[in-house]
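To be precise, the following lines are input-v1.tsv, and they hold TSV, C-alpha atoms.
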```tsv
chain	number	residue	atom	x	y	z
A	1	VAL	CA	142.00	126.00	22.93
A	2	ASP	CA	140.17	122.72	23.12
A	3	PRO	CA	141.77	120.16	25.43
A	4	VAL	CA	142.99	117.04	23.74
A	5	VAL	CA	141.42	113.91	25.14
A	6	THR	CA	143.63	110.86	25.02
A	7	ASP	CA	142.67	107.28	25.42
A	8	ASP	CA	145.01	105.78	28.05
A	9	SER	CA	143.43	102.34	27.93
A	10	ASP	CA	146.34	100.97	25.87
A	11	SER	CA	148.97	102.24	28.31
A	12	VAL	CA	147.69	100.43	31.39
A	13	GLU	CA	150.44	98.23	32.78
A	14	VAL	CA	149.44	94.76	33.86
A	15	GLU	CA	151.31	93.58	36.88
A	16	THR	CA	152.69	90.10	36.39
A	17	PRO	CA	151.77	87.69	39.15
A	18	LEU	CA	154.46	86.49	41.52
A	19	PRO	CA	155.63	82.89	41.28
A	20	PRO	CA	153.58	80.76	43.71
A	21	LEU	CA	156.25	80.42	46.40
A	22	HIS	CA	157.08	84.12	46.22
A	23	GLN	CA	153.39	84.91	46.61
A	24	GLU	CA	153.23	82.53	49.56
A	25	ALA	CA	156.17	84.35	51.16
A	26	PHE	CA	154.63	87.75	50.43
A	27	ASP	CA	151.34	86.67	51.98
A	28	ALA	CA	153.17	85.33	55.03
A	29	LEU	CA	155.04	88.62	55.42
A	30	SER	CA	151.73	90.46	55.17
A	31	ARG	CA	150.57	88.42	58.17
A	32	ASN	CA	153.91	89.05	59.91
A	33	ASP	CA	154.56	85.29	59.80
A	34	LEU	CA	158.33	85.31	59.35
A	35	PRO	CA	158.80	81.53	59.75
A	36	ALA	CA	156.32	80.81	56.93
A	37	ALA	CA	157.90	83.45	54.69
A	38	LYS	CA	161.34	82.03	55.37
A	39	ALA	CA	160.16	78.50	54.59
A	40	ALA	CA	158.60	79.62	51.30
A	41	TYR	CA	161.77	81.39	50.17
A	42	GLN	CA	163.91	78.43	51.22
A	43	LYS	CA	161.69	76.12	49.20
A	44	ALA	CA	161.89	78.47	46.21
A	45	LEU	CA	165.69	78.41	46.44
A	46	ALA	CA	165.74	74.63	46.77
A	47	GLU	CA	163.73	74.41	43.54
A	48	ALA	CA	165.70	77.13	41.73
A	49	PRO	CA	169.07	77.91	43.36
A	50	ALA	CA	169.73	80.77	40.93
A	51	ASP	CA	166.52	82.60	41.91
A	52	THR	CA	167.99	85.94	42.94
A	53	ASP	CA	164.60	87.29	44.02
A	54	ALA	CA	164.14	84.37	46.41
A	55	ALA	CA	167.69	84.84	47.74
A	56	ALA	CA	167.01	88.52	48.37
A	57	GLY	CA	163.66	87.70	49.96
A	58	LEU	CA	165.23	85.13	52.27
A	59	ALA	CA	167.97	87.60	53.22
A	60	GLN	CA	165.32	90.20	54.02
A	61	VAL	CA	163.33	87.78	56.19
A	62	GLU	CA	166.46	86.73	58.06
A	63	LEU	CA	167.34	90.38	58.62
A	64	LEU	CA	163.86	91.02	59.99
A	65	GLU	CA	164.20	88.04	62.34
A	66	ARG	CA	167.44	89.44	63.72
A	67	VAL	CA	166.22	93.04	63.98
A	68	TYR	CA	162.92	92.19	65.67
A	69	ALA	CA	164.89	90.67	68.55
A	70	LEU	CA	166.89	93.86	69.15
A	71	ASP	CA	166.39	96.88	71.33
A	72	ALA	CA	167.85	99.58	69.09
A	73	ASP	CA	169.04	101.94	71.83
A	74	GLU	CA	170.64	99.18	73.88
A	75	THR	CA	172.24	97.66	70.79
A	76	ARG	CA	173.78	100.97	69.69
A	77	SER	CA	174.95	101.72	73.23
A	78	ASN	CA	176.63	98.31	73.52
A	79	ALA	CA	178.38	98.82	70.19
A	80	ALA	CA	179.57	102.28	71.25
A	81	ASP	CA	180.92	100.90	74.54
A	82	HIS	CA	182.62	97.93	72.84
A	83	PRO	CA	183.54	98.98	69.28
A	84	GLU	CA	185.78	95.94	68.75
A	85	ASN	CA	183.02	93.45	69.62
A	86	VAL	CA	181.92	91.69	66.43
A	87	ASP	CA	178.52	90.62	67.81
A	88	HIS	CA	177.66	94.22	68.65
A	89	ALA	CA	178.96	95.43	65.28
A	90	LEU	CA	176.85	92.86	63.44
A	91	ALA	CA	173.74	93.83	65.40
A	92	VAL	CA	174.16	97.55	64.71
A	93	ALA	CA	174.90	96.80	61.06
A	94	ASP	CA	171.57	94.95	60.91
A	95	LEU	CA	169.83	98.01	62.34
A	96	ASP	CA	171.62	100.24	59.84
A	97	VAL	CA	170.68	98.09	56.84
A	98	SER	CA	167.08	97.77	57.99
A	99	GLY	CA	166.94	101.56	58.27
A	100	GLY	CA	168.42	102.10	54.81
A	101	HIS	CA	171.88	103.13	56.03
A	102	THR	CA	173.75	100.45	54.14
A	103	GLU	CA	176.96	102.38	53.71
A	104	ASP	CA	177.16	102.87	57.50
A	105	ALA	CA	176.76	99.12	57.97
A	106	PHE	CA	179.47	98.37	55.43
A	107	VAL	CA	181.90	100.84	57.02
A	108	ARG	CA	181.22	99.44	60.50
A	109	LEU	CA	181.79	95.81	59.53
A	110	LEU	CA	184.80	96.49	57.34
A	111	GLY	CA	186.24	98.51	60.23
A	112	VAL	CA	186.22	95.56	62.64
A	113	PHE	CA	187.24	93.00	60.00
A	114	ALA	CA	191.00	93.58	60.27
A	115	THR	CA	191.17	92.94	64.02
A	116	ALA	CA	188.61	90.13	64.13
A	117	SER	CA	189.44	86.47	64.68
A	118	GLU	CA	189.36	84.13	61.70
A	119	ASP	CA	185.91	82.81	62.70
A	120	ASP	CA	184.57	86.33	63.17
A	121	ARG	CA	186.01	87.39	59.82
A	122	GLU	CA	184.00	84.63	58.19
A	123	ARG	CA	180.84	85.78	59.98
A	124	ILE	CA	181.45	89.35	58.84
A	125	ARG	CA	182.14	88.22	55.27
A	126	GLU	CA	178.94	86.17	55.17
A	127	ARG	CA	176.87	89.02	56.58
A	128	LEU	CA	178.33	91.48	54.07
A	129	LEU	CA	177.53	89.09	51.21
A	130	THR	CA	173.97	88.89	52.50
A	131	TYR	CA	173.75	92.67	52.58
A	132	PHE	CA	175.13	92.85	49.04
A	133	THR	CA	172.30	90.57	47.93
A	134	LEU	CA	169.74	92.74	49.71
A	135	VAL	CA	171.01	96.03	48.36
A	136	GLY	CA	171.80	94.79	44.86
A	137	GLN	CA	175.13	93.90	43.33
A	138	ALA	CA	175.12	96.93	41.01
A	139	ALA	CA	174.73	99.54	43.77
A	140	PRO	CA	177.78	101.82	44.01
A	141	GLU	CA	178.10	101.32	47.78
A	142	VAL	CA	178.11	97.55	47.25
A	143	LYS	CA	180.82	97.75	44.62
A	144	LYS	CA	182.94	99.91	46.93
A	145	ALA	CA	182.42	97.63	49.95
A	146	ARG	CA	183.07	94.50	47.87
A	147	THR	CA	186.38	95.94	46.71
A	148	GLN	CA	187.36	96.85	50.27
A	149	LEU	CA	186.39	93.39	51.53
A	150	ALA	CA	188.47	91.70	48.83
A	151	SER	CA	191.41	93.94	49.73
A	152	LEU	CA	191.12	93.04	53.42
A	153	MET	CA	190.81	89.33	52.69
A	154	PHE	CA	193.85	89.08	50.45
```

Since I need it in another form, could you write the structure as C-alpha coordinates?
Amino acid sequence: VDPVVTDDSDSVEVETPLPPLHQEAFDALSRNDLPAAKAAYQKALAEAPADTDAAAGLAQVELLERVYALDADETRSNAADHPENVDHALAVADLDVSGGHTEDAFVRLLGVFATASEDDRERIRERLLTYFTLVGQAAPEVKKARTQLASLMF
(Lines of atoms letter the chains of each structure in order from A and count residues from 1; the text may use other names and numbers.)
(Lines give C-alpha, C1' and ligand atoms only; values in the text may rest on other atoms or scores of the structure.)
Protein backbone atom coordinates (compact mmCIF):
# COMPACT_ATOMS: atom_id res chain seq x y z
CA VAL A 1 0.00 0.00 0.00
CA ASP A 2 1.37 3.36 -0.98
CA PRO A 3 1.00 6.04 1.68
CA VAL A 4 -1.20 8.94 0.72
CA VAL A 5 0.59 12.25 0.90
CA THR A 6 -1.61 15.17 1.80
CA ASP A 7 -0.89 18.82 1.44
CA ASP A 8 -1.64 20.45 4.82
CA SER A 9 -0.65 23.93 3.69
CA ASP A 10 -4.32 24.97 3.41
CA SER A 11 -5.17 23.81 6.93
CA VAL A 12 -2.63 25.96 8.77
CA GLU A 13 -4.42 28.15 11.28
CA VAL A 14 -3.31 31.74 11.47
CA GLU A 15 -3.42 33.12 14.96
CA THR A 16 -5.15 36.47 15.08
CA PRO A 17 -3.14 39.16 16.80
CA LEU A 18 -4.29 40.45 20.16
CA PRO A 19 -5.71 43.96 20.38
CA PRO A 20 -2.89 46.39 21.24
CA LEU A 21 -3.78 46.86 24.91
CA HIS A 22 -4.25 43.13 25.39
CA GLN A 23 -0.85 42.55 23.82
CA GLU A 24 0.62 45.20 26.11
CA ALA A 25 -0.88 43.40 29.12
CA PHE A 26 0.34 40.02 27.87
CA ASP A 27 3.85 41.38 27.38
CA ALA A 28 3.77 42.92 30.86
CA LEU A 29 2.68 39.60 32.37
CA SER A 30 5.51 37.89 30.50
CA ARG A 31 7.89 40.26 32.32
CA ASN A 32 6.02 39.64 35.60
CA ASP A 33 5.08 43.34 35.64
CA LEU A 34 1.66 43.11 37.25
CA PRO A 35 1.13 46.88 37.63
CA ALA A 36 1.70 47.45 33.89
CA ALA A 37 -0.58 44.54 32.97
CA LYS A 38 -3.27 45.87 35.29
CA ALA A 39 -2.98 49.36 33.81
CA ALA A 40 -3.28 48.01 30.26
CA TYR A 41 -6.41 46.01 31.07
CA GLN A 42 -7.93 48.95 32.93
CA LYS A 43 -7.30 51.16 29.92
CA ALA A 44 -8.83 48.54 27.62
CA LEU A 45 -11.94 48.44 29.81
CA ALA A 46 -12.14 52.23 29.91
CA GLU A 47 -12.14 52.24 26.10
CA ALA A 48 -14.52 49.28 25.76
CA PRO A 49 -16.46 48.50 28.97
CA ALA A 50 -18.04 45.40 27.41
CA ASP A 51 -14.65 43.82 26.64
CA THR A 52 -15.06 40.52 28.48
CA ASP A 53 -11.51 39.44 27.68
CA ALA A 54 -10.12 42.58 29.30
CA ALA A 55 -12.39 42.08 32.32
CA ALA A 56 -11.17 38.50 32.70
CA GLY A 57 -7.56 39.62 32.24
CA LEU A 58 -7.92 42.31 34.88
CA ALA A 59 -9.52 39.83 37.27
CA GLN A 60 -6.64 37.43 36.69
CA VAL A 61 -4.02 40.13 37.35
CA GLU A 62 -5.79 41.21 40.53
CA LEU A 63 -5.93 37.59 41.67
CA LEU A 64 -2.20 37.24 41.02
CA GLU A 65 -1.52 40.40 43.03
CA ARG A 66 -3.43 38.99 45.99
CA VAL A 67 -1.95 35.49 45.77
CA TYR A 68 1.66 36.64 45.40
CA ALA A 69 1.37 38.33 48.80
CA LEU A 70 0.26 35.12 50.54
CA ASP A 71 2.10 32.34 52.30
CA ALA A 72 -0.09 29.38 51.31
CA ASP A 73 0.55 27.24 54.40
CA GLU A 74 0.02 30.10 56.82
CA THR A 75 -3.09 31.25 54.97
CA ARG A 76 -4.68 27.79 55.03
CA SER A 77 -3.76 27.32 58.69
CA ASN A 78 -5.33 30.67 59.64
CA ALA A 79 -8.51 29.77 57.77
CA ALA A 80 -8.66 26.37 59.48
CA ASP A 81 -8.21 27.99 62.90
CA HIS A 82 -10.79 30.71 62.20
CA PRO A 83 -13.35 29.29 59.73
CA GLU A 84 -15.78 32.17 60.29
CA ASN A 85 -13.21 34.85 59.44
CA VAL A 86 -14.09 36.36 56.06
CA ASP A 87 -10.59 37.70 55.37
CA HIS A 88 -9.10 34.23 55.83
CA ALA A 89 -11.86 32.66 53.73
CA LEU A 90 -11.26 35.14 50.91
CA ALA A 91 -7.51 34.50 50.98
CA VAL A 92 -7.90 30.72 50.83
CA ALA A 93 -10.50 31.09 48.08
CA ASP A 94 -7.92 33.07 46.09
CA LEU A 95 -5.43 30.24 46.56
CA ASP A 96 -8.06 27.70 45.50
CA VAL A 97 -9.02 29.61 42.35
CA SER A 98 -5.39 30.19 41.40
CA GLY A 99 -4.80 26.45 41.77
CA GLY A 100 -7.81 25.53 39.66
CA HIS A 101 -10.02 24.46 42.57
CA THR A 102 -12.83 26.87 41.81
CA GLU A 103 -15.61 24.77 43.25
CA ASP A 104 -13.75 24.62 46.59
CA ALA A 105 -13.49 28.42 46.57
CA PHE A 106 -17.19 28.80 45.81
CA VAL A 107 -18.20 26.38 48.58
CA ARG A 108 -15.92 28.13 51.09
CA LEU A 109 -17.23 31.62 50.37
CA LEU A 110 -20.87 30.61 50.14
CA GLY A 111 -20.40 28.80 53.46
CA VAL A 112 -19.38 31.96 55.33
CA PHE A 113 -21.85 34.22 53.49
CA ALA A 114 -24.84 33.50 55.74
CA THR A 115 -23.09 34.47 58.97
CA ALA A 116 -21.11 37.40 57.55
CA SER A 117 -21.84 41.05 58.26
CA GLU A 118 -23.53 43.11 55.56
CA ASP A 119 -20.20 44.66 54.51
CA ASP A 120 -18.51 41.27 54.40
CA ARG A 121 -21.39 39.84 52.38
CA GLU A 122 -20.78 42.52 49.79
CA ARG A 123 -17.06 41.69 49.70
CA ILE A 124 -17.87 38.00 49.25
CA ARG A 125 -20.41 38.76 46.53
CA GLU A 126 -17.93 40.94 44.63
CA ARG A 127 -15.19 38.33 44.90
CA LEU A 128 -17.52 35.58 43.68
CA LEU A 129 -18.55 37.73 40.70
CA THR A 130 -14.87 38.20 39.90
CA TYR A 131 -14.32 34.46 40.06
CA PHE A 132 -17.33 33.90 37.80
CA THR A 133 -15.71 36.19 35.24
CA LEU A 134 -12.41 34.31 35.52
CA VAL A 135 -13.91 30.86 35.23
CA GLY A 136 -16.52 31.73 32.61
CA GLN A 137 -20.22 32.32 33.02
CA ALA A 138 -21.16 29.09 31.22
CA ALA A 139 -19.16 26.77 33.49
CA PRO A 140 -21.43 24.39 35.43
CA GLU A 141 -19.77 25.22 38.76
CA VAL A 142 -20.38 28.93 38.11
CA LYS A 143 -24.04 28.36 37.33
CA LYS A 144 -24.44 26.33 40.52
CA ALA A 145 -22.62 28.90 42.68
CA ARG A 146 -24.53 31.79 41.09
CA THR A 147 -27.82 30.10 41.94
CA GLN A 148 -26.71 29.48 45.52
CA LEU A 149 -25.53 33.08 45.88
CA ALA A 150 -28.85 34.42 44.61
CA SER A 151 -30.68 32.14 47.04
CA LEU A 152 -28.58 33.39 49.96
CA MET A 153 -29.03 37.03 48.98
CA PHE A 154 -32.79 36.93 48.68

Coordinates-based distance that separates atom CA of A:Leu63 from atom CA of A:Leu134 (Å, one decimal):
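Going from atom CA of A:Leu134 over to atom CA of A:Leu63 covers 9.5 Å.
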
So, counting all atoms listed in the file, which residue among A:Arg146, A:Val67, A:Ala37, A:Thr115 is closest to A:Glu103?
A:Arg146

Extract, using all atoms listed in the file, all DNA, RNA and protein residues at most 10 Å from stretch 75-88 of chain A, discarding same-chain residues fewer than 2 positions from it, and format them as a ChimeraX atom specification.
/A:70-73,90-95,108-109,111-113,115-117,120-121,123-124

Computed gap from atom CA of A:Glu118 to atom CA of A:Gly99 is 28.6 Å

Find the residue from A:Ala36, A:Ala44, A:Val135, A:Asp119 that sits nearest to A:Gln60; use only C-alpha atoms when measuring.
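Of A:Ala36, A:Ala44, A:Val135, A:Asp119, the one nearest A:Gln60 is A:Val135, counting only C-alpha atoms.
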
Between A:Ala114, A:Ala55, A:Ala28, A:Ala138, which one has atoms that come closest to A:Met153, using only C-alpha atoms?
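Once distances to A:Met153 are computed over only C-alpha atoms, the minimum belongs to A:Ala114.
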
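The space between atom CA of A:Glu24 and atom CA of A:Lys43 spans 10.6 Å.
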